[in-house]
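What follows is work-v5.pdb (PDB, C-alpha atoms).
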ATOM      1  CA  MET A 298      38.016  -4.034  12.304
ATOM      2  CA  ILE A 299      37.139  -0.385  11.651
ATOM      3  CA  THR A 300      34.043   1.001  13.354
ATOM      4  CA  VAL A 301      31.720   2.748  10.910
ATOM      5  CA  THR A 302      30.245   6.083  11.967
ATOM      6  CA  LEU A 303      27.353   7.532   9.959
ATOM      7  CA  ASP A 304      26.517  11.204  10.125
ATOM      8  CA  ALA A 305      23.000  12.172  11.182
ATOM      9  CA  LEU A 306      21.780  12.825   7.635
ATOM     10  CA  ASP A 307      22.965   9.463   6.287
ATOM     11  CA  LEU A 308      21.554   7.555   9.269
ATOM     12  CA  SER A 309      18.164   9.266   9.033
ATOM     13  CA  ALA A 310      18.027   8.702   5.260
ATOM     14  CA  LEU A 311      18.792   4.994   5.618
ATOM     15  CA  LEU A 312      16.232   4.560   8.394
ATOM     16  CA  CYS A 313      13.611   6.340   6.266
ATOM     17  CA  SER A 314      14.414   3.963   3.420
ATOM     18  CA  ARG A 315      13.966   1.022   5.761
ATOM     19  CA  VAL A 316      10.569   2.246   7.007
ATOM     20  CA  CYS A 317       9.392   2.962   3.450
ATOM     21  CA  HIS A 318      10.461  -0.546   2.421
ATOM     22  CA  ASP A 319       8.373  -2.045   5.232
ATOM     23  CA  VAL A 320       5.266  -0.008   4.417
ATOM     24  CA  ILE A 321       5.281   0.123   0.610
ATOM     25  CA  SER A 322       3.996  -3.427   0.140
ATOM     26  CA  PRO A 323       0.723  -3.084   2.122
ATOM     27  CA  VAL A 324       0.167   0.440   0.744
ATOM     28  CA  GLY A 325       0.595  -0.911  -2.790
ATOM     29  CA  ALA A 326      -1.928  -3.644  -2.011
ATOM     30  CA  ILE A 327      -4.422  -0.985  -0.864
ATOM     31  CA  VAL A 328      -3.987   0.840  -4.185
ATOM     32  CA  ASN A 329      -4.543  -2.402  -6.084
ATOM     33  CA  GLY A 330      -7.685  -3.105  -4.079
ATOM     34  CA  LEU A 331      -9.078   0.360  -4.813
ATOM     35  CA  GLU A 332      -8.427  -0.140  -8.541
ATOM     36  CA  VAL A 333     -10.400  -3.391  -8.440
ATOM     37  CA  LEU A 334     -13.314  -1.612  -6.743
ATOM     38  CA  GLU A 335     -13.306   1.032  -9.473
ATOM     39  CA  ASP A 336     -13.213  -1.440 -12.377
ATOM     40  CA  GLU A 337     -15.164  -4.487 -11.165
ATOM     41  CA  ASP A 338     -18.902  -5.000 -10.823
ATOM     42  CA  ASP A 339     -18.630  -8.661  -9.837
ATOM     43  CA  PRO A 340     -19.695  -8.971  -6.157
ATOM     44  CA  GLY A 341     -17.116 -11.671  -5.476
ATOM     45  CA  MET A 342     -14.235  -9.557  -6.786
ATOM     46  CA  ARG A 343     -15.474  -6.520  -4.878
ATOM     47  CA  ASP A 344     -15.604  -8.532  -1.650
ATOM     48  CA  PHE A 345     -12.075  -9.745  -2.356
ATOM     49  CA  ALA A 346     -10.879  -6.175  -2.925
ATOM     50  CA  ILE A 347     -12.501  -4.900   0.285
ATOM     51  CA  ASP A 348     -10.916  -7.734   2.268
ATOM     52  CA  LEU A 349      -7.513  -6.981   0.683
ATOM     53  CA  ILE A 350      -7.821  -3.283   1.550
ATOM     54  CA  ARG A 351      -8.875  -4.061   5.125
ATOM     55  CA  LYS A 352      -6.009  -6.475   5.766
ATOM     56  CA  SER A 353      -3.405  -4.288   4.059
ATOM     57  CA  ALA A 354      -4.491  -1.145   5.920
ATOM     58  CA  LYS A 355      -4.237  -3.023   9.208
ATOM     59  CA  GLN A 356      -0.763  -4.276   8.276
ATOM     60  CA  ALA A 357       0.451  -0.823   7.211
ATOM     61  CA  SER A 358      -0.864   0.710  10.432
ATOM     62  CA  ALA A 359       0.826  -1.975  12.538
ATOM     63  CA  ARG A 360       4.167  -1.452  10.809
ATOM     64  CA  LEU A 361       3.989   2.318  11.231
ATOM     65  CA  GLN A 362       3.082   2.040  14.911
ATOM     66  CA  PHE A 363       6.006  -0.316  15.404
ATOM     67  CA  ALA A 364       8.420   1.991  13.554
ATOM     68  CA  ARG A 365       7.265   4.979  15.608
ATOM     69  CA  ILE A 366       8.618   3.350  18.781
ATOM     70  CA  ALA A 367      11.440   1.189  17.409
ATOM     71  CA  PHE A 368      12.983   3.853  15.165
ATOM     72  CA  GLY A 369      11.282   7.115  16.103
ATOM     73  CA  ALA A 370      11.364   9.523  19.012
ATOM     74  CA  ALA A 371       8.246   8.173  20.778
ATOM     75  CA  GLY A 372       8.535  10.752  23.527
ATOM     76  CA  SER A 373      10.973  13.348  24.719
ATOM     77  CA  VAL A 374      14.610  12.790  25.626
ATOM     78  CA  GLY A 375      14.858  10.657  28.735
ATOM     79  CA  ALA A 376      11.270   9.414  28.396
ATOM     80  CA  THR A 377      10.091   5.974  29.437
ATOM     81  CA  ILE A 378       7.893   3.557  27.496
ATOM     82  CA  ASP A 379       5.448   1.027  28.902
ATOM     83  CA  LEU A 380       6.480  -2.528  28.046
ATOM     84  CA  ALA A 381       2.802  -3.282  27.460
ATOM     85  CA  ASP A 382       2.849  -0.772  24.579
ATOM     86  CA  ALA A 383       5.990  -2.433  23.241
ATOM     87  CA  GLU A 384       4.261  -5.804  23.355
ATOM     88  CA  GLY A 385       1.250  -4.391  21.524
ATOM     89  CA  VAL A 386       3.242  -3.006  18.592
ATOM     90  CA  ALA A 387       5.416  -6.129  18.466
ATOM     91  CA  ARG A 388       2.378  -8.389  18.198
ATOM     92  CA  GLY A 389       1.115  -6.223  15.346
ATOM     93  CA  LEU A 390       4.052  -7.428  13.238
ATOM     94  CA  PHE A 391       2.917 -11.045  13.476
ATOM     95  CA  SER A 392      -0.220 -10.880  11.383
ATOM     96  CA  ASP A 393       0.334 -14.188   9.591
ATOM     97  CA  GLU A 394       0.412 -17.675  11.050
ATOM     98  CA  LYS A 395       3.982 -18.479  10.039
ATOM     99  CA  THR A 396       5.651 -17.007  13.123
ATOM    100  CA  LYS A 397       4.244 -16.840  16.651
ATOM    101  CA  LEU A 398       5.272 -14.476  19.438
ATOM    102  CA  ALA A 399       5.367 -15.348  23.142
ATOM    103  CA  TRP A 400       5.972 -12.406  25.488
ATOM    104  CA  SER A 401       6.940 -12.556  29.153
ATOM    105  CA  ALA A 402       7.654  -9.141  30.649
ATOM    106  CA  PRO A 403       6.477  -7.053  33.587
ATOM    107  CA  ARG A 404       3.919  -4.315  33.013
ATOM    108  CA  ALA A 405       6.295  -1.494  33.808
ATOM    109  CA  LEU A 406       7.859   1.661  32.439
ATOM    110  CA  PHE A 407      11.352   1.117  31.047
ATOM    111  CA  PRO A 408      13.850   3.675  29.703
ATOM    112  CA  LYS A 409      13.101   4.557  26.093
ATOM    113  CA  ASN A 410      16.356   3.295  24.577
ATOM    114  CA  LYS A 411      16.068  -0.053  26.321
ATOM    115  CA  VAL A 412      12.578  -0.568  24.895
ATOM    116  CA  LYS A 413      13.742   0.530  21.444
ATOM    117  CA  LEU A 414      16.551  -2.023  21.668
ATOM    118  CA  LEU A 415      14.114  -4.777  22.625
ATOM    119  CA  LEU A 416      11.882  -4.023  19.641
ATOM    120  CA  ASN A 417      14.818  -3.899  17.256
ATOM    121  CA  LEU A 418      15.930  -7.281  18.556
ATOM    122  CA  VAL A 419      12.453  -8.624  17.778
ATOM    123  CA  VAL A 420      12.962  -7.543  14.146
ATOM    124  CA  ILE A 421      16.298  -9.360  14.061
ATOM    125  CA  ALA A 422      14.740 -12.403  15.741
ATOM    126  CA  VAL A 423      12.269 -12.755  12.866
ATOM    127  CA  THR A 424      15.163 -13.051  10.410
ATOM    128  CA  THR A 425      16.728 -15.923  12.385
ATOM    129  CA  ILE A 426      13.830 -18.281  11.551
ATOM    130  CA  PRO A 427      13.093 -17.621   7.849
ATOM    131  CA  ARG A 428      10.639 -20.524   7.642
ATOM    132  CA  GLY A 429       8.684 -19.402  10.682
ATOM    133  CA  GLY A 430       8.398 -20.769  14.175
ATOM    134  CA  LEU A 431       8.217 -19.322  17.673
ATOM    135  CA  ILE A 432       9.915 -16.242  19.116
ATOM    136  CA  ASP A 433       9.875 -16.255  22.913
ATOM    137  CA  VAL A 434      10.683 -12.847  24.431
ATOM    138  CA  ALA A 435      11.602 -12.760  28.128
ATOM    139  CA  VAL A 436      12.392  -9.593  30.092
ATOM    140  CA  THR A 437      13.835  -9.896  33.588
ATOM    141  CA  GLY A 438      15.592  -7.582  36.008
ATOM    142  CA  GLU A 439      14.989  -3.982  37.011
ATOM    143  CA  ALA A 440      14.141  -1.239  34.526
ATOM    144  CA  GLU A 441      17.602   0.333  34.761
ATOM    145  CA  ALA A 442      19.456  -2.990  34.392
ATOM    146  CA  PRO A 443      17.245  -5.442  32.516
ATOM    147  CA  VAL A 444      18.123  -8.647  30.713
ATOM    148  CA  PHE A 445      16.415  -9.473  27.424
ATOM    149  CA  VAL A 446      16.451 -13.045  26.124
ATOM    150  CA  LEU A 447      14.831 -13.833  22.783
ATOM    151  CA  THR A 448      14.645 -17.549  22.033
ATOM    152  CA  CYS A 449      13.876 -18.249  18.385
ATOM    153  CA  ARG A 450      12.861 -21.784  17.425
ATOM    154  CA  GLY A 451      12.160 -22.871  13.875
ATOM    155  CA  SER A 452      13.278 -25.033  10.982
ATOM    156  CA  HIS A 453      16.578 -23.906   9.426
ATOM    157  CA  ALA A 454      17.231 -21.371  12.166
ATOM    158  CA  ARG A 455      20.427 -19.393  11.662
ATOM    159  CA  ILE A 456      22.246 -16.285  12.770
ATOM    160  CA  PRO A 457      21.925 -13.961   9.752
ATOM    161  CA  ALA A 458      25.152 -13.181   7.951
ATOM    162  CA  HIS A 459      26.902 -10.000   9.074
ATOM    163  CA  VAL A 460      24.307  -9.188  11.758
ATOM    164  CA  GLU A 461      26.778  -9.491  14.632
ATOM    165  CA  ALA A 462      29.310  -7.272  12.856
ATOM    166  CA  LEU A 463      26.620  -4.714  12.041
ATOM    167  CA  ILE A 464      25.444  -4.572  15.655
ATOM    168  CA  ALA A 465      29.048  -4.089  16.713
ATOM    169  CA  GLY A 466      29.246  -1.184  14.255
ATOM    170  CA  SER A 467      31.989  -2.868  12.234
ATOM    171  CA  PRO A 468      30.489  -4.284   9.020
ATOM    172  CA  GLU A 469      32.961  -6.276   6.937
ATOM    173  CA  SER A 470      32.254  -4.106   3.891
ATOM    174  CA  GLY A 471      33.106  -0.958   5.818
ATOM    175  CA  THR A 472      29.778   0.586   4.792
ATOM    176  CA  VAL A 473      26.133   0.420   5.837
ATOM    177  CA  ASP A 474      23.284   0.293   3.326
ATOM    178  CA  ALA A 475      19.488   0.346   3.721
ATOM    179  CA  HIS A 476      19.469  -3.453   4.078
ATOM    180  CA  GLY A 477      21.919  -3.419   6.981
ATOM    181  CA  VAL A 478      20.887  -0.218   8.719
ATOM    182  CA  GLN A 479      18.416  -1.882  11.091
ATOM    183  CA  PRO A 480      20.936  -4.125  12.929
ATOM    184  CA  TYR A 481      23.482  -1.284  12.761
ATOM    185  CA  TYR A 482      20.923   1.008  14.396
ATOM    186  CA  ALA A 483      20.161  -1.683  16.988
ATOM    187  CA  GLY A 484      23.843  -1.602  17.939
ATOM    188  CA  LEU A 485      23.767   2.185  18.283
ATOM    189  CA  VAL A 486      20.735   1.948  20.559
ATOM    190  CA  ALA A 487      22.337  -0.842  22.598
ATOM    191  CA  ARG A 488      25.411   1.263  23.271
ATOM    192  CA  ALA A 489      23.277   4.292  24.117
ATOM    193  CA  ALA A 490      21.349   2.105  26.563
ATOM    194  CA  GLY A 491      24.541   0.714  28.099
ATOM    195  CA  MET A 492      23.814  -2.841  26.966
ATOM    196  CA  THR A 493      25.593  -5.542  25.004
ATOM    197  CA  VAL A 494      24.039  -8.004  22.565
ATOM    198  CA  SER A 495      25.185 -11.586  21.974
ATOM    199  CA  PHE A 496      24.000 -14.478  19.806
ATOM    200  CA  GLY A 497      24.061 -18.240  20.233
ATOM    201  CA  ILE A 498      22.755 -21.141  18.171
ATOM    202  CA  ASP A 499      22.001 -24.744  19.072
ATOM    203  CA  GLY A 500      20.371 -26.805  16.344
ATOM    204  CA  ASP A 501      17.163 -25.088  15.303
ATOM    205  CA  THR A 502      17.241 -22.596  18.177
ATOM    206  CA  VAL A 503      18.862 -19.163  18.069
ATOM    207  CA  THR A 504      19.213 -17.192  21.299
ATOM    208  CA  ILE A 505      19.635 -13.421  21.341
ATOM    209  CA  ARG A 506      20.664 -11.971  24.689
ATOM    210  CA  ALA A 507      20.997  -8.335  25.721
ATOM    211  CA  GLU A 508      22.296  -7.383  29.153
ATOM    212  CA  PRO A 509      23.936  -4.439  30.901
ATOM    213  CA  ALA A 510      27.461  -3.802  29.651
ATOM    214  CA  ALA A 511      30.296  -4.394  32.087
ATOM    215  CA  ALA A 512      31.424  -1.229  33.828
TER
END
Now that the file is in, can you turn its structure into structure tokens?
Amino acid sequence: MITVTLDALDLSALLCSRVCHDVISPVGAIVNGLEVLEDEDDPGMRDFAIDLIRKSAKQASARLQFARIAFGAAGSVGATIDLADAEGVARGLFSDEKTKLAWSAPRALFPKNKVKLLLNLVVIAVTTIPRGGLIDVAVTGEAEAPVFVLTCRGSHARIPAHVEALIAGSPESGTVDAHGVQPYYAGLVARAAGMTVSFGIDGDTVTIRAEPAAA
């Protein structure tokens, strides 16, 4: 299968589209809440609008903080990122009660690309349990040669279509769009970090494993 290579402009444009897609919903809800405050005198409706604005602003902030590390520079070339910071932004994504996150990792500085890979795998993990459930993230090994295991348990768990091909950089369509750019980008980061990603499924449990690539 042919490996797809995107130039820098196309990759950055697709990633921007992905981030905008993630943020537009809570930002739109904030706008709606402000419109209610302008037009309504009913105390109950105003309280509802304020609560909507508060929750949506928190959600938008959490998604932007996550994107800053998972997709952005988040430091200079060769920088390290504290896994505690990664845990914090990851937990910010789980604002509802449908999906829970368990996190087992040392409080340590890890190479930037390895942390970015871990966070991108968390995004993919969410898509494996569309009806919600538990995502258990475990990080073992040394910072330069870690092993990431994400165990995703939930009703109707599945490995999303095309995700393995996208991570490998060889989508069946031969192209990458805004919908598929996130797993494609995860594959780019994995290769830059010298790691491989594999998937397994057993009943209602999907396992995502990332480990150092063979020499």
Point to revise | Evaluate the PyMOL selection byres ((chain A and resi 486) around 10) and report residues as number ranges by chain | key: A: 367-368, 409-415, 417, 464, 480-485, 487-493
How about saving the chosen residues, C-alpha atoms kept, as a PDB file, in the coordinates of the input?
ATOM      1  CA  ALA A 367      11.440   1.189  17.409  1.00  0.00           C
ATOM      2  CA  PHE A 368      12.983   3.853  15.165  1.00  0.00           C
ATOM      3  CA  LYS A 409      13.101   4.557  26.093  1.00  0.00           C
ATOM      4  CA  ASN A 410      16.356   3.295  24.577  1.00  0.00           C
ATOM      5  CA  LYS A 411      16.068  -0.053  26.321  1.00  0.00           C
ATOM      6  CA  VAL A 412      12.578  -0.568  24.895  1.00  0.00           C
ATOM      7  CA  LYS A 413      13.742   0.530  21.444  1.00  0.00           C
ATOM      8  CA  LEU A 414      16.551  -2.023  21.668  1.00  0.00           C
ATOM      9  CA  LEU A 415      14.114  -4.777  22.625  1.00  0.00           C
ATOM     10  CA  ASN A 417      14.818  -3.899  17.256  1.00  0.00           C
ATOM     11  CA  ILE A 464      25.444  -4.572  15.655  1.00  0.00           C
ATOM     12  CA  PRO A 480      20.936  -4.125  12.929  1.00  0.00           C
ATOM     13  CA  TYR A 481      23.482  -1.284  12.761  1.00  0.00           C
ATOM     14  CA  TYR A 482      20.923   1.008  14.396  1.00  0.00           C
ATOM     15  CA  ALA A 483      20.161  -1.683  16.988  1.00  0.00           C
ATOM     16  CA  GLY A 484      23.843  -1.602  17.939  1.00  0.00           C
ATOM     17  CA  LEU A 485      23.767   2.185  18.283  1.00  0.00           C
ATOM     18  CA  ALA A 487      22.337  -0.842  22.598  1.00  0.00           C
ATOM     19  CA  ARG A 488      25.411   1.263  23.271  1.00  0.00           C
ATOM     20  CA  ALA A 489      23.277   4.292  24.117  1.00  0.00           C
ATOM     21  CA  ALA A 490      21.349   2.105  26.563  1.00  0.00           C
ATOM     22  CA  GLY A 491      24.541   0.714  28.099  1.00  0.00           C
ATOM     23  CA  MET A 492      23.814  -2.841  26.966  1.00  0.00           C
ATOM     24  CA  THR A 493      25.593  -5.542  25.004  1.00  0.00           C
TER      25      THR A 493
END
Contacts of Ala507 of chain A at 6 Å (all atoms listed in the file; same-chain gap of 5+ positions) as an mmCIF file with C-alpha atoms, in the coordinates of the input:
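So the final result, stored in out.cif, reads:
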data_model
loop_
_atom_site.group_PDB
_atom_site.id
_atom_site.type_symbol
_atom_site.label_atom_id
_atom_site.label_comp_id
_atom_site.auth_asym_id
_atom_site.auth_seq_id
_atom_site.Cartn_x
_atom_site.Cartn_y
_atom_site.Cartn_z
ATOM 1 C CA VAL A 444 18.123 -8.647 30.713
ATOM 2 C CA PHE A 445 16.415 -9.473 27.424
ATOM 3 C CA THR A 493 25.593 -5.542 25.004
ATOM 4 C CA VAL A 494 24.039 -8.004 22.565
#
Practice item. Using only C-alpha atoms, collect all residues at a distance of at most 12 Å from (12.4, -12.2, 11.8) as written in the file, then present them as a ChimeraX atom specification. Key: /A:387,390-391,395-398,416-432,447-451,454-457,479-480,503
Review point. A:Ala346, A:Val434, A:Ala359, A:Ala364: which is nearest Gly389 of chain A, counting all atoms listed in the file?
Key: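 So, comparing all the options, the nearest one is A:Ala359.
Ranking A:Phe345, A:Phe363, A:Trp400, A:Phe407 by their shortest atom-to-atom distance to Ala435 of chain A, with all atoms listed in the file included, puts A:Trp400 first.
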Review point. Could you pull the residues within 9 Å of Asp319 of chain A, counting only C-alpha atoms, minus those fewer than 6 positions along the same chain, as a list of chain:residue names?
Key: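 The residues that qualify are A:Ala357, A:Arg360, A:Leu361.
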Practice item. For Ser495 of chain A, work out the shell of residues within 10 Å, counting all atoms listed in the file and skipping chain neighbours fewer than 2 positions away, then give it as a count of residues only. Key: 11
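Atom CA of Gly466 of chain A is found 5.3 Å from atom CA of Thr300 of chain A.
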Evaluate the PyMOL selection byres ((chain A and resi 469) around 12) on the structure here and hand back the selected residues as an mmCIF file with C-alpha atoms, in the coordinates of the input.
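part15.cif, freshly written:
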data_model
loop_
_atom_site.group_PDB
_atom_site.id
_atom_site.type_symbol
_atom_site.label_atom_id
_atom_site.label_comp_id
_atom_site.auth_asym_id
_atom_site.auth_seq_id
_atom_site.Cartn_x
_atom_site.Cartn_y
_atom_site.Cartn_z
ATOM 1 C CA MET A 298 38.016 -4.034 12.304
ATOM 2 C CA ILE A 299 37.139 -0.385 11.651
ATOM 3 C CA THR A 300 34.043 1.001 13.354
ATOM 4 C CA VAL A 301 31.720 2.748 10.910
ATOM 5 C CA ALA A 458 25.152 -13.181 7.951
ATOM 6 C CA HIS A 459 26.902 -10.000 9.074
ATOM 7 C CA VAL A 460 24.307 -9.188 11.758
ATOM 8 C CA GLU A 461 26.778 -9.491 14.632
ATOM 9 C CA ALA A 462 29.310 -7.272 12.856
ATOM 10 C CA LEU A 463 26.620 -4.714 12.041
ATOM 11 C CA ILE A 464 25.444 -4.572 15.655
ATOM 12 C CA ALA A 465 29.048 -4.089 16.713
ATOM 13 C CA GLY A 466 29.246 -1.184 14.255
ATOM 14 C CA SER A 467 31.989 -2.868 12.234
ATOM 15 C CA PRO A 468 30.489 -4.284 9.020
ATOM 16 C CA SER A 470 32.254 -4.106 3.891
ATOM 17 C CA GLY A 471 33.106 -0.958 5.818
ATOM 18 C CA THR A 472 29.778 0.586 4.792
ATOM 19 C CA VAL A 473 26.133 0.420 5.837
ATOM 20 C CA GLY A 477 21.919 -3.419 6.981
#
Practice item. Rounded to one decimal place, report the atom CA of Asp382 of chain A-atom CA of Val320 of chain A distance in Å. Key: 20.3 Å
Check your understanding: For the atom pair atom CA of Ala383 of chain A and atom CA of Gln362 of chain A, what is the interatomic distance in Å to one decimal place?
Key ->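 Going from atom CA of Ala383 of chain A over to atom CA of Gln362 of chain A covers 9.9 Å.
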Review point. Hey, what's within 6 Å of segment 312-318 of chain A if we count all atoms listed in the file and toss same-chain stuff fewer than 3 positions away? As a ChimeraX atom specification, please?
Key: /A:309,321,475
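The residues returned by the PyMOL selection byres ((chain A and resi 379) around 8) for this structure are Thr377, Ile378, Leu380, Ala381, Asp382, Ala383, Arg404, Ala405, Leu406 and Phe407 of chain A.
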Now that the selection is made, can you save its residues with C-alpha atoms as a PDB file, in the frame of the given file?
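Here's the written file selection00.pdb:
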ATOM      1  CA  THR A 377      10.091   5.974  29.437  1.00  0.00           C
ATOM      2  CA  ILE A 378       7.893   3.557  27.496  1.00  0.00           C
ATOM      3  CA  LEU A 380       6.480  -2.528  28.046  1.00  0.00           C
ATOM      4  CA  ALA A 381       2.802  -3.282  27.460  1.00  0.00           C
ATOM      5  CA  ASP A 382       2.849  -0.772  24.579  1.00  0.00           C
ATOM      6  CA  ALA A 383       5.990  -2.433  23.241  1.00  0.00           C
ATOM      7  CA  ARG A 404       3.919  -4.315  33.013  1.00  0.00           C
ATOM      8  CA  ALA A 405       6.295  -1.494  33.808  1.00  0.00           C
ATOM      9  CA  LEU A 406       7.859   1.661  32.439  1.00  0.00           C
ATOM     10  CA  PHE A 407      11.352   1.117  31.047  1.00  0.00           C
TER      11      PHE A 407
END
Please enclose the listed atoms of segment 410-424 of chain A in an axis-aligned box, pad each side by 4 Å, and write out the centre and the three edge lengths in Å, rounded to one decimal, as lines of an AutoDock Vina configuration file.
center_x = 14.2
center_y = -4.9
center_z = 18.4
size_x = 12.7
size_y = 24.3
size_z = 23.9
Check your understanding: Looking at A:Thr502, A:Ser322, A:Thr302, A:Asn329, which one is nearest to Gln356 of chain A, with distances taken over all atoms listed in the file?
Key ->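 Looking at the shortest contact to Gln356 of chain A, the residue is A:Ser322.
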